[in-house]
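K.L.:
One structure, as structure tokens, below. Some questions next.
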Amino acid sequence: MTSTESTSGTPILAEVREGSYGAKVVAIEPGGAGFIPLAERHGNPLSLFWTWTSPNLEFATIFVGVISVAFFGQTLPQAIAALVLGTALGALTHGILSARGPQFGVPQMIASRIAFGYRGNVLPAGLNAVVAGIGWFAVNSVSGTFALNSLTGLPKVPSLVLIVLVQIAIAFLGHNFVHGFEKYVFPLLALAFVLAAVFILPKASTSGAPGGGGIGGFLITLGAAFGYAAGWNPYATDYTRYFSPQTSKRAIGLYAGLGIFVSCTALEIIGAASATIAAPKDASPTDAFTGHMPSLVASLVLLAIVIGAISANAINVYSGTMSFLALGVRLRLSRARAIVAAVFGVVGLLVALGGLQDAGQKYENFLLVISYWVGPWLGVYLADQVLRRGHRVDGFLFDTRHNPWAGFAAMGLAMVVSIGLFSNQSQYLAPLPKAYPGLGDVTFEVGFVLAVVLYALFFRLQRSGPTDEVLALP
């Protein structure tokens, strides 16, 4: 029997997340990345709005807007158009992915096994474990460190260590505490950045952003904005898998997508506007941003940047842990997820120490690299969702014999071709943008489209029977 033949007559037994958890907030979430028992399901889709708004009310979001003007040569109207479009695309896919959480009851990178197979899923899950648990963790820790240093005068290294410890503690407790933390910091973060907008936007000057980046700069900005918003996509069902299967998919998709779109576009536009205002040459990125505000407001915004970084990284560490466990790593520990979260936090701290220097250039490259792999992964995942429409596929989540080659091959080839020919960043300039600078960076667009086309072709080549497989609960 091949991996794509129907095994509906022999249902696959689910790996169920062990332990009792329910709706308890101040408790360590037990188990690993298994199926959430129906008796443990709880929550309201409205909570997704602040769960996905709070993590983006931070300086890393603002800096996407800053680099659109300062690095990519966009005028303010051009920057706003590219930022809104790129974010809208990432928010749309986030809503689509989030809606499947209650149906499958598993983290996003476990759901990815349907298209990639048990072993082939090591490609997207491994990339996300590194990007989420270490890469994003380091990026946000650095921005929070700059803000805490400016706010308190505490040296940067102790500031970084303090922020990392708080982030690890929240992720260590788990799903319910992460949701609760995002809810209660939301009002403070929203107030702080509304005040920031009040003082930044009136001072913005279109002449301060003369442009010159042309269509190339527009496409790079679009890719960076998409990379930032879609960077949350591989976490989507991590925060919806606890909902009851009867929960409205439309409500889940709407609130998850809106949380991403509203927060990212608002802060990215503020960031782009701030880049048109002159700032001291030797100022840190956070000081340059808050230097345009009265001291009391600046202090409040710096505090919000610190809390926002913690808010984002609580999710990054938690979901990085889910992706690591989705690799098939079996830890027979009641608190396996919590222990892995602590390890990821320590590794992220070490990486962040190196990011305290030249943070702006490293962040630009990081945003583009995210879009380089998320685009092809999304192409495969969404194409598979369409091609398997109407079929029972939940058994593939835990079937170790399900190892199709189509997903791995389509994503891998799409990445090689799109990055090899179209990448446009300081670490690697591909032949096409080198020859035609006006092309900008269309790596993620090419990667997504190519992955869809290749997967549709490979999916048909590998099929030898129905694509149904049923999941059975113990």
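Simple scheme: letters A, B, ... for chains in structure tokens order, numbers from 1 for residues in each chain, numbers from 1 for ligands in the order shown.
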Could you give me the residues within region 101-159 of chain A that DSSP places in alpha helix (DSSP H), as a PyMOL selection string?
P.N.:
chain A and resi 101-104+108-111+113-116+122-130+137-152+156-159
K.L.:
Keeping only C-alpha atoms, write the selected residues as a CSV table (one decimal), in the first residue's frame.
P.N.:
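Saved to part38.csv:
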chain,number,residue,atom,x,y,z
A,101,GLY,CA,-7.7,24.6,14.0
A,102,PRO,CA,-10.9,23.3,15.6
A,103,GLN,CA,-11.4,20.7,12.9
A,104,PHE,CA,-8.0,19.1,13.3
A,108,GLN,CA,-0.1,24.3,12.4
A,109,MET,CA,3.0,22.3,11.7
A,110,ILE,CA,1.3,19.0,12.6
A,111,ALA,CA,-1.5,20.0,10.1
A,113,ARG,CA,1.9,16.8,7.5
A,114,ILE,CA,-1.2,16.3,5.3
A,115,ALA,CA,0.6,17.8,2.4
A,116,PHE,CA,4.2,17.1,3.3
A,122,VAL,CA,10.7,18.1,8.5
A,123,LEU,CA,11.4,20.8,5.8
A,124,PRO,CA,8.7,23.4,6.9
A,125,ALA,CA,8.6,22.4,10.5
A,126,GLY,CA,12.4,22.5,10.9
A,127,LEU,CA,12.6,25.9,9.2
A,128,ASN,CA,9.8,27.3,11.4
A,129,ALA,CA,11.3,25.9,14.6
A,130,VAL,CA,14.5,27.8,13.8
A,137,PHE,CA,12.9,35.5,19.3
A,138,ALA,CA,16.2,37.2,18.8
A,139,VAL,CA,14.8,40.0,16.6
A,140,ASN,CA,12.1,41.0,19.1
A,141,SER,CA,14.4,40.6,22.1
A,142,VAL,CA,16.8,43.1,20.6
A,143,SER,CA,14.1,45.7,20.0
A,144,GLY,CA,12.8,45.3,23.6
A,145,THR,CA,16.4,45.5,24.9
A,146,PHE,CA,17.0,48.9,23.1
A,147,ALA,CA,13.8,50.2,24.6
A,148,LEU,CA,14.5,49.0,28.1
A,149,ASN,CA,18.0,50.4,27.9
A,150,SER,CA,16.6,53.8,26.8
A,151,LEU,CA,13.9,53.8,29.4
A,152,THR,CA,15.9,52.7,32.5
A,156,LYS,CA,22.0,46.3,27.2
A,157,VAL,CA,23.1,42.9,28.1
A,158,PRO,CA,21.3,42.8,31.5
A,159,SER,CA,18.3,44.3,29.8
K.L.:
Show me, as a PDB file with N, CA and C atoms, in the first residue's frame, the residues that have an atom within 8 Å of Gly174 (chain A) when counting only C-alpha atoms, minus same-chain residues fewer than 4 positions from it.
P.N.:
ATOM      1  N   ALA A  27      -1.378  27.875  34.994  1.00  0.00           N
ATOM      2  CA  ALA A  27      -1.052  26.456  35.088  1.00  0.00           C
ATOM      3  C   ALA A  27      -0.157  26.114  33.917  1.00  0.00           C
ATOM      4  N   ILE A  28       0.719  25.136  34.102  1.00  0.00           N
ATOM      5  CA  ILE A  28       1.605  24.715  33.023  1.00  0.00           C
ATOM      6  C   ILE A  28       0.836  23.776  32.104  1.00  0.00           C
ATOM      7  N   GLU A  29       0.747  24.138  30.838  1.00  0.00           N
ATOM      8  CA  GLU A  29       0.058  23.294  29.867  1.00  0.00           C
ATOM      9  C   GLU A  29       0.793  21.960  29.755  1.00  0.00           C
ATOM     10  N   ILE A 170       6.495  33.092  30.330  1.00  0.00           N
ATOM     11  CA  ILE A 170       5.142  33.095  29.749  1.00  0.00           C
ATOM     12  C   ILE A 170       4.955  31.893  28.824  1.00  0.00           C
ATOM     13  N   VAL A 178      -0.631  32.392  27.541  1.00  0.00           N
ATOM     14  CA  VAL A 178      -0.273  33.256  26.415  1.00  0.00           C
ATOM     15  C   VAL A 178      -1.487  34.056  25.967  1.00  0.00           C
ATOM     16  N   TYR A 318       6.574  29.757  22.114  1.00  0.00           N
ATOM     17  CA  TYR A 318       5.555  28.712  22.219  1.00  0.00           C
ATOM     18  C   TYR A 318       5.409  27.979  20.884  1.00  0.00           C
ATOM     19  N   ALA A 338       6.943  22.449  27.735  1.00  0.00           N
ATOM     20  CA  ALA A 338       7.482  23.507  28.580  1.00  0.00           C
ATOM     21  C   ALA A 338       9.004  23.452  28.641  1.00  0.00           C
TER      22      ALA A 338
END
K.L.:
Could you name the residues that touch Gly65 (chain A) at 10 Å or less, counting only C-alpha atoms, but leaving out those on the same chain fewer than 5 positions away, as a VMD selection string?
P.N.:
chain A and resid 60 70 to 71 76 79 to 80 82 to 83 221 224 to 225 264 to 275
K.L.:
Would you export the selected residues with C-alpha atoms as an mmCIF file, in the first residue's frame, please?
P.N.:
data_model
loop_
_atom_site.group_PDB
_atom_site.id
_atom_site.type_symbol
_atom_site.label_atom_id
_atom_site.label_comp_id
_atom_site.auth_asym_id
_atom_site.auth_seq_id
_atom_site.Cartn_x
_atom_site.Cartn_y
_atom_site.Cartn_z
ATOM 1 C CA ALA A 60 9.704 45.321 15.067
ATOM 2 C CA ALA A 70 14.982 54.622 4.808
ATOM 3 C CA PHE A 71 16.305 51.470 3.046
ATOM 4 C CA LEU A 76 5.379 57.946 1.887
ATOM 5 C CA ALA A 79 5.357 52.902 1.198
ATOM 6 C CA ILE A 80 1.809 52.953 2.573
ATOM 7 C CA ALA A 82 3.058 48.462 -0.457
ATOM 8 C CA LEU A 83 2.724 47.964 3.300
ATOM 9 C CA THR A 221 8.671 46.641 0.579
ATOM 10 C CA ALA A 224 9.010 42.614 3.595
ATOM 11 C CA ALA A 225 5.453 43.502 4.691
ATOM 12 C CA CYS A 264 0.560 45.638 11.342
ATOM 13 C CA THR A 265 -0.759 48.280 8.958
ATOM 14 C CA ALA A 266 -1.270 50.852 11.726
ATOM 15 C CA LEU A 267 2.242 50.537 13.167
ATOM 16 C CA GLU A 268 3.987 50.143 9.822
ATOM 17 C CA ILE A 269 2.404 53.365 8.564
ATOM 18 C CA ILE A 270 3.477 55.150 11.771
ATOM 19 C CA GLY A 271 6.986 53.767 11.218
ATOM 20 C CA ALA A 272 7.100 54.956 7.612
ATOM 21 C CA ALA A 273 5.931 58.405 8.708
ATOM 22 C CA SER A 274 8.582 58.572 11.446
ATOM 23 C CA ALA A 275 11.302 57.855 8.881
#
K.L.:
Show which residues sit within 7 Å of Trp50 (chain A), as a PyMOL selection string. Count only C-alpha atoms, and ignore same-chain residues fewer than 6 positions away.
P.N.:
chain A and resi 182-183+186+259
K.L.:
Go ahead and write the residues just picked, C-alpha atoms, as an mmCIF file, in the first residue's frame.
P.N.:
data_model
loop_
_atom_site.group_PDB
_atom_site.id
_atom_site.type_symbol
_atom_site.label_atom_id
_atom_site.label_comp_id
_atom_site.auth_asym_id
_atom_site.auth_seq_id
_atom_site.Cartn_x
_atom_site.Cartn_y
_atom_site.Cartn_z
ATOM 1 C CA GLU A 182 -2.095 39.123 25.170
ATOM 2 C CA LYS A 183 -5.574 40.127 26.335
ATOM 3 C CA PHE A 186 -3.677 44.953 24.753
ATOM 4 C CA GLY A 259 -5.798 41.144 14.403
#
K.L.:
Pick from A:Trp373, A:Ala236, A:Trp52, A:Arg41: nearest to Phe261 (chain A), with only C-alpha atoms counted?
P.N.:
A:Trp52
K.L.:
Just give me the gap between CA of Gly328 (chain A) and CA of Gly447 (chain A) in Å, one decimal is fine.
P.N.:
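These atoms are spaced 26.5 Å apart.
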K.L.:
Rounded to one decimal, what separation in Å do you get between CA of Ala251 (chain A) and CA of Asn316 (chain A)?
P.N.:
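According to the coordinates, CA of Ala251 (chain A) and CA of Asn316 (chain A) are separated by 23.7 Å.
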K.L.:
Tell me, which residues of region 6-197 of chain A carry DSSP strand (DSSP E or B), written as a PDB file with C-alpha atoms, in the first residue's frame?
P.N.:
ATOM      1  CA  ILE A  12      -5.145   5.941  12.387  1.00  0.00           C
ATOM      2  CA  LEU A  13      -5.004   6.315  16.155  1.00  0.00           C
ATOM      3  CA  VAL A  16      -3.735  12.766  22.166  1.00  0.00           C
ATOM      4  CA  PHE A  35      -4.558  16.227  19.462  1.00  0.00           C
TER       5      PHE A  35
END
K.L.:
Counting only C-alpha atoms, figure out which residue out of A:Ala409, A:Ile307, A:Leu421, A:Leu439 gets nearest to Pro187 (chain A).
P.N.:
A:Ile307
K.L.:
In terms of the shortest atom-to-atom distance over only C-alpha atoms, which of A:Tyr455, A:Phe72, A:Phe193, A:Phe243 is closest to Phe218 (chain A)?
P.N.:
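Looking at the shortest contact to Phe218 (chain A), the residue is A:Phe72.
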K.L.:
Between A:Phe448, A:Tyr436, A:Tyr255, A:Phe289, which one has atoms that come closest to Leu302 (chain A), using only C-alpha atoms?
P.N.:
A:Phe289
K.L.:
So which one's closest to Phe396 (chain A), A:His179, A:Arg119, A:Arg337, A:Arg241? Using only C-alpha atoms, please.
P.N.:
A:Arg119
K.L.:
Which is closest to Val369 (chain A) among A:Ala230, A:Ala288, A:Ala383, A:Ala456, if we use only C-alpha atoms?
P.N.:
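The answer is A:Ala230, which sits nearest to Val369 (chain A).
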